[in-house]
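Data block for final.csv (CSV, C-alpha atoms (C1' of nucleotides)):
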```
chain,number,residue,atom,x,y,z
A,1,MET,CA,-40.9,-33.9,-38.1
A,2,THR,CA,-41.2,-36.8,-35.7
A,3,GLY,CA,-39.9,-34.6,-32.9
A,4,LYS,CA,-43.6,-33.7,-32.6
A,5,LYS,CA,-44.4,-37.3,-31.7
A,6,ARG,CA,-42.3,-37.0,-28.5
A,7,ARG,CA,-43.5,-33.5,-27.7
A,8,ILE,CA,-47.1,-34.6,-28.0
A,9,LYS,CA,-46.5,-37.6,-25.7
A,10,ARG,CA,-44.7,-35.3,-23.3
A,11,MET,CA,-47.6,-32.9,-23.3
A,12,TYR,CA,-50.0,-35.8,-22.5
A,13,ASP,CA,-47.8,-37.1,-19.7
A,14,LEU,CA,-47.5,-33.7,-18.1
A,15,LEU,CA,-51.2,-33.1,-18.2
A,16,GLU,CA,-52.1,-36.5,-16.9
A,17,GLY,CA,-49.5,-36.2,-14.1
A,18,TYR,CA,-51.2,-33.0,-13.1
A,19,PHE,CA,-54.9,-33.8,-13.5
A,20,GLY,CA,-54.8,-37.6,-13.2
A,21,ASP,CA,-57.6,-39.7,-14.7
A,22,LEU,CA,-60.5,-37.4,-15.5
A,23,GLY,CA,-62.9,-40.2,-16.5
A,24,TRP,CA,-64.5,-37.6,-18.8
A,25,TRP,CA,-67.7,-36.6,-20.4
A,26,PRO,CA,-70.3,-36.1,-17.6
A,27,ALA,CA,-73.3,-38.0,-19.0
A,28,ARG,CA,-75.5,-40.8,-17.8
A,29,THR,CA,-76.2,-42.3,-21.2
A,30,GLY,CA,-74.8,-42.4,-24.7
A,31,PHE,CA,-77.7,-40.2,-25.9
A,32,GLU,CA,-76.9,-37.7,-23.2
A,33,VAL,CA,-73.5,-37.4,-24.7
A,34,VAL,CA,-75.1,-36.6,-28.0
A,35,VAL,CA,-77.3,-34.0,-26.5
A,36,GLY,CA,-74.5,-32.4,-24.6
A,37,ALA,CA,-72.3,-32.4,-27.6
A,38,VAL,CA,-74.8,-30.4,-29.6
A,39,LEU,CA,-75.7,-28.1,-26.7
A,40,THR,CA,-72.1,-27.2,-25.9
A,41,GLN,CA,-71.4,-25.8,-29.3
A,42,ASN,CA,-69.7,-22.5,-28.6
A,43,THR,CA,-71.3,-22.5,-25.2
A,44,ALA,CA,-70.1,-22.8,-21.6
A,45,TRP,CA,-70.7,-26.2,-20.1
A,46,SER,CA,-72.3,-24.6,-17.0
A,47,ASN,CA,-75.1,-23.4,-19.2
A,48,VAL,CA,-75.5,-26.8,-20.9
A,49,GLU,CA,-76.0,-28.5,-17.6
A,50,LYS,CA,-79.1,-26.4,-16.9
A,51,ALA,CA,-80.6,-27.5,-20.2
A,52,ILE,CA,-79.7,-31.1,-19.7
A,53,GLU,CA,-81.2,-31.0,-16.2
A,54,ALA,CA,-84.5,-29.6,-17.6
A,55,LEU,CA,-84.7,-32.4,-20.1
A,56,ARG,CA,-84.0,-35.0,-17.4
A,57,ARG,CA,-86.7,-33.6,-15.1
A,58,GLY,CA,-89.2,-33.8,-18.0
A,59,LYS,CA,-88.2,-37.4,-18.7
A,60,LEU,CA,-87.5,-36.4,-22.2
A,61,MET,CA,-83.9,-37.6,-22.6
A,62,GLU,CA,-84.6,-40.2,-25.2
A,63,PRO,CA,-84.2,-40.0,-29.0
A,64,ARG,CA,-87.7,-41.0,-29.7
A,65,VAL,CA,-89.2,-38.4,-27.4
A,66,ILE,CA,-86.9,-35.5,-28.6
A,67,SER,CA,-87.4,-36.4,-32.2
A,68,ARG,CA,-91.2,-35.8,-31.9
A,69,LEU,CA,-91.2,-32.9,-29.4
A,70,GLU,CA,-92.6,-29.7,-30.5
A,71,SER,CA,-89.8,-27.3,-31.5
A,72,ALA,CA,-91.0,-24.3,-29.5
A,73,ARG,CA,-91.3,-26.4,-26.3
A,74,LEU,CA,-87.9,-28.0,-26.8
A,75,ALA,CA,-86.4,-24.6,-27.4
A,76,GLU,CA,-87.8,-23.2,-24.1
A,77,LEU,CA,-86.5,-26.2,-22.2
A,78,ILE,CA,-82.9,-25.7,-23.5
A,79,ARG,CA,-83.0,-21.9,-23.4
A,80,PRO,CA,-80.1,-21.6,-20.9
A,81,ALA,CA,-77.8,-23.3,-23.4
A,82,GLY,CA,-78.1,-20.4,-25.8
A,83,TYR,CA,-78.8,-20.4,-29.6
A,84,TYR,CA,-81.9,-22.3,-28.4
A,85,ARG,CA,-84.0,-22.1,-31.5
A,86,VAL,CA,-81.1,-23.4,-33.7
A,87,LYS,CA,-80.1,-26.1,-31.2
A,88,ALA,CA,-83.7,-27.3,-30.8
A,89,GLU,CA,-83.7,-28.2,-34.5
A,90,ARG,CA,-80.3,-29.7,-34.3
A,91,LEU,CA,-81.4,-32.0,-31.4
A,92,LYS,CA,-84.4,-33.1,-33.4
A,93,GLU,CA,-82.3,-33.7,-36.5
A,94,VAL,CA,-79.8,-35.9,-34.7
A,95,SER,CA,-82.6,-37.7,-32.8
A,96,ARG,CA,-84.4,-38.5,-36.0
A,97,PHE,CA,-81.0,-39.7,-37.4
A,98,LEU,CA,-80.5,-42.0,-34.4
A,99,MET,CA,-84.0,-43.4,-34.7
A,100,GLU,CA,-83.5,-44.2,-38.3
A,101,GLU,CA,-79.9,-45.5,-37.9
A,102,CYS,CA,-80.3,-47.8,-34.8
A,103,GLY,CA,-83.8,-47.3,-33.5
A,104,GLY,CA,-82.5,-45.1,-30.8
A,105,LYS,CA,-80.2,-47.8,-29.4
A,106,LEU,CA,-76.8,-46.2,-29.6
A,107,TRP,CA,-74.9,-49.4,-28.5
A,108,LYS,CA,-75.9,-50.9,-31.9
A,109,LEU,CA,-73.7,-48.4,-33.6
A,110,LYS,CA,-70.5,-49.4,-31.7
A,111,LYS,CA,-69.7,-52.2,-34.1
A,112,LYS,CA,-70.1,-50.2,-37.3
A,113,ASP,CA,-67.2,-48.8,-39.2
A,114,THR,CA,-65.8,-45.6,-37.7
A,115,ASP,CA,-65.1,-43.7,-40.9
A,116,ARG,CA,-68.5,-44.5,-42.5
A,117,LEU,CA,-70.2,-43.6,-39.2
A,118,ARG,CA,-68.4,-40.3,-39.1
A,119,ALA,CA,-69.5,-39.5,-42.6
A,120,ARG,CA,-73.1,-40.3,-41.8
A,121,LEU,CA,-72.9,-38.1,-38.7
A,122,LEU,CA,-71.4,-35.2,-40.7
A,123,SER,CA,-74.3,-35.4,-43.1
A,124,VAL,CA,-76.8,-34.5,-40.3
A,125,LYS,CA,-77.5,-30.8,-40.2
A,126,GLY,CA,-76.0,-29.3,-37.1
A,127,ILE,CA,-73.3,-32.0,-36.6
A,128,GLY,CA,-69.9,-30.7,-37.6
A,129,PRO,CA,-66.5,-32.3,-37.1
A,130,GLU,CA,-66.1,-31.7,-33.4
A,131,THR,CA,-69.6,-32.8,-32.5
A,132,ALA,CA,-69.3,-35.9,-34.6
A,133,ASP,CA,-65.9,-36.9,-33.1
A,134,SER,CA,-67.2,-36.2,-29.6
A,135,ILE,CA,-70.1,-38.6,-30.2
A,136,LEU,CA,-67.7,-41.2,-31.7
A,137,VAL,CA,-65.3,-41.3,-28.8
A,138,TYR,CA,-67.5,-40.4,-25.8
A,139,ALA,CA,-70.7,-42.2,-26.8
A,140,LEU,CA,-69.5,-45.0,-29.1
A,141,ASP,CA,-66.0,-45.7,-27.7
A,142,LYS,CA,-64.3,-45.1,-31.1
A,143,PRO,CA,-60.6,-44.2,-31.2
A,144,VAL,CA,-60.7,-40.7,-32.6
A,145,PHE,CA,-59.2,-37.5,-31.3
A,146,VAL,CA,-61.5,-34.5,-30.7
A,147,VAL,CA,-60.2,-31.1,-31.7
A,148,ASP,CA,-61.7,-28.1,-30.0
A,149,ALA,CA,-60.9,-24.4,-29.6
A,150,TYR,CA,-58.7,-25.1,-26.6
A,151,THR,CA,-56.8,-27.8,-28.4
A,152,LYS,CA,-56.0,-25.5,-31.3
A,153,ARG,CA,-55.0,-22.7,-28.9
A,154,ILE,CA,-52.7,-24.9,-26.8
A,155,PHE,CA,-51.2,-26.7,-29.8
A,156,SER,CA,-50.5,-23.4,-31.6
A,157,ARG,CA,-49.2,-21.8,-28.4
A,158,HIS,CA,-46.7,-24.5,-28.1
A,159,GLY,CA,-45.7,-24.5,-31.7
A,160,LEU,CA,-47.2,-27.9,-32.6
A,161,ALA,CA,-49.6,-26.5,-35.2
A,162,GLY,CA,-50.3,-23.3,-37.1
A,163,GLU,CA,-52.5,-20.7,-35.5
A,164,LYS,CA,-55.3,-21.3,-37.9
A,165,ALA,CA,-54.6,-25.0,-38.7
A,166,PRO,CA,-57.8,-26.6,-40.0
A,167,TYR,CA,-59.6,-29.2,-37.9
A,168,ASP,CA,-58.6,-32.3,-39.8
A,169,GLU,CA,-54.9,-31.2,-39.8
A,170,VAL,CA,-54.7,-31.1,-36.0
A,171,ARG,CA,-56.8,-34.3,-35.8
A,172,SER,CA,-54.5,-36.3,-38.1
A,173,LEU,CA,-51.4,-34.8,-36.3
A,174,VAL,CA,-52.5,-36.5,-33.1
A,175,GLU,CA,-54.0,-39.6,-34.6
A,176,GLU,CA,-50.8,-40.3,-36.5
A,177,ASN,CA,-48.6,-39.6,-33.6
A,178,PHE,CA,-50.5,-41.2,-30.8
A,179,PRO,CA,-51.8,-44.7,-30.0
A,180,ALA,CA,-55.2,-45.4,-31.6
A,181,ASP,CA,-56.6,-46.2,-28.1
A,182,THR,CA,-60.0,-44.9,-27.2
A,183,ARG,CA,-59.3,-44.5,-23.5
A,184,VAL,CA,-56.1,-42.5,-24.1
A,185,LEU,CA,-57.6,-40.3,-26.9
A,186,ASN,CA,-60.6,-39.7,-24.7
A,187,GLN,CA,-58.4,-38.7,-21.8
A,188,PHE,CA,-56.2,-36.5,-24.0
A,189,HIS,CA,-59.0,-34.3,-25.2
A,190,ALA,CA,-60.4,-34.1,-21.6
A,191,LEU,CA,-57.0,-33.0,-20.3
A,192,LEU,CA,-56.7,-30.3,-23.0
A,193,VAL,CA,-60.1,-28.9,-22.2
A,194,GLU,CA,-59.5,-28.8,-18.5
A,195,THR,CA,-56.2,-27.2,-19.1
A,196,GLY,CA,-57.8,-24.6,-21.3
A,197,LYS,CA,-60.5,-23.8,-18.8
A,198,ARG,CA,-58.0,-23.4,-15.9
A,199,PHE,CA,-54.9,-21.9,-17.5
A,200,CYS,CA,-55.5,-20.8,-21.1
A,201,LYS,CA,-58.1,-18.0,-20.7
A,202,LYS,CA,-55.8,-15.3,-21.9
A,203,LYS,CA,-55.8,-14.3,-25.5
A,204,LYS,CA,-52.1,-14.5,-26.0
A,205,GLY,CA,-48.9,-16.0,-24.6
A,206,LEU,CA,-48.3,-18.8,-22.2
A,207,CYS,CA,-50.2,-18.7,-18.9
A,208,GLY,CA,-49.0,-18.8,-15.4
A,209,GLY,CA,-49.4,-22.0,-13.4
A,210,CYS,CA,-50.1,-24.1,-16.5
A,211,PRO,CA,-48.6,-27.6,-16.0
A,212,LEU,CA,-47.2,-27.4,-19.5
A,213,GLY,CA,-45.1,-24.5,-18.6
A,214,VAL,CA,-42.8,-23.8,-21.6
A,215,LEU,CA,-42.4,-27.0,-23.5
A,216,SER,CA,-39.0,-27.4,-25.1
B,217,DC,C1',-69.4,-2.1,-19.8
B,218,DA,C1',-66.9,-5.7,-22.9
B,219,DC,C1',-65.6,-10.3,-23.7
B,220,DC,C1',-65.9,-15.2,-23.8
B,221,DA,C1',-67.7,-20.1,-23.9
B,222,DG,C1',-65.9,-27.9,-25.1
B,223,DG,C1',-69.4,-24.7,-33.3
B,224,DC,C1',-72.0,-24.9,-37.3
B,225,DA,C1',-74.4,-23.5,-41.6
B,226,DA,C1',-75.3,-20.3,-45.0
B,227,DG,C1',-74.0,-16.6,-47.8
B,228,DT,C1',-70.5,-14.0,-50.5
B,229,DA,C1',-66.3,-13.3,-53.4
C,230,DT,C1',-61.4,-22.5,-51.4
C,231,DA,C1',-61.4,-18.8,-47.9
C,232,DC,C1',-63.6,-15.3,-45.4
C,233,DT,C1',-68.0,-13.3,-43.0
C,234,DT,C1',-72.2,-13.3,-40.4
C,235,DG,C1',-76.2,-15.0,-37.4
C,236,DC,C1',-77.3,-17.6,-33.7
C,237,DA,C1',-78.2,-16.2,-27.6
C,238,DT,C1',-77.6,-17.3,-22.8
C,239,DG,C1',-75.0,-16.6,-18.5
C,240,DG,C1',-70.5,-15.9,-16.1
C,241,DT,C1',-66.3,-12.9,-15.2
```

Target format structure tokens, applied to this file:
Amino acid sequence: MTGKKRRIKRMYDLLEGYFGDLGWWPARTGFEVVVGAVLTQNTAWSNVEKAIEALRRGKLMEPRVISRLESARLAELIRPAGYYRVKAERLKEVSRFLMEECGGKLWKLKKKDTDRLRARLLSVKGIGPETADSILVYALDKPVFVVDAYTKRIFSRHGLAGEKAPYDEVRSLVEENFPADTRVLNQFHALLVETGKRFCKKKKGLCGGCPLGVLS
DNA sequence: CACCAGGCAAGTA
DNA sequence: TACTTGCATGGT
């Protein structure tokens, strides 16, 4: 069972050797991480960028502003990100949450307890486990591991988890077999997503050129 | 043309 | 608890 520990570390080392330090989550502020995390739900990042750019141009990238913005107007601005009516409400929900929780100052949340913060985030409509964990690690520097579709695909493909393993199972697998270090967990998720985008597009089997090759 | 993308909530059995 | 469906744009 602890063979997995070494295999996970080997996976990390191979990916880091290939990609180097990704210094991930392209965002200018903590709040932009939150917005991006919601907008990228089941959506290509290239589409999210257009929506984020529209909000920047309108000088709207602040919790207080978004929380009060008219839904129809917000929806039009984020249209390229898809599911735009649903996501407009989600952005308002999380912005209201942030105003209430810390007056819109995300840095104030950094010293709060991770597990309780996670539970509070999950109680916001539109914030599920992946979105919550993305916010925790990329906006608040918390040592959590983000599981996404690529992570599940790659882990399952390499026999580290079941094909339909639930979110929290994969999450604990890594968190219990990897250092609780924000920087490294941040990097690991980034590496897996970049690997997925580049080498794991196919529905089945291992993919040519992948730095992971066939892990033993 | 079909399929996919850095999910989530709500409904049903 | 474990499926199923709606949500929508833009790229390959």

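Residues within 9 Å of Met61 (chain A), counting all atoms listed in the file and excluding same-chain residues fewer than 3 positions away, are Phe31, Glu32, Val35, Ile52, Leu55, Arg56, Arg57, Gly58, Arg64, Val65 and Ile66 of chain A.
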
Practice problem: Please provide the set of residues having any atom within 10 Å of DT238 (chain C), restricted to only C-alpha atoms (C1' of nucleotides), with same-chain residues fewer than 6 positions apart removed, written as a VMD selection string. | Solution: chain A and resid 43 to 44 47 to 48 78 to 84

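Interface residues of chain B facing chain A, defined by any atom at most 10 Å away and using only C-alpha atoms (C1' of nucleotides), are DC220, DA221, DG222, DG223, DC224 and DA225 of chain B.
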
Set the cut-off to 8 Å and count only C-alpha atoms (C1' of nucleotides): what are the residues of chain C that reach chain A? Output as an mmCIF file with C-alpha atoms (C1' of nucleotides), in the coordinates of the input.
```
data_model
loop_
_atom_site.group_PDB
_atom_site.id
_atom_site.type_symbol
_atom_site.label_atom_id
_atom_site.label_comp_id
_atom_site.auth_asym_id
_atom_site.auth_seq_id
_atom_site.Cartn_x
_atom_site.Cartn_y
_atom_site.Cartn_z
ATOM 1 C "C1'" DC C 236 -77.300 -17.600 -33.700
ATOM 2 C "C1'" DA C 237 -78.200 -16.200 -27.600
ATOM 3 C "C1'" DT C 238 -77.600 -17.300 -22.800
ATOM 4 C "C1'" DG C 239 -75.000 -16.600 -18.500
#
```

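Across the structure, CA of Pro63 (chain A) and CA of Gly104 (chain A) are spaced 5.7 Å apart.
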
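The coordinates place CA of Glu93 (chain A) at 6.7 Å from CA of Val124 (chain A).
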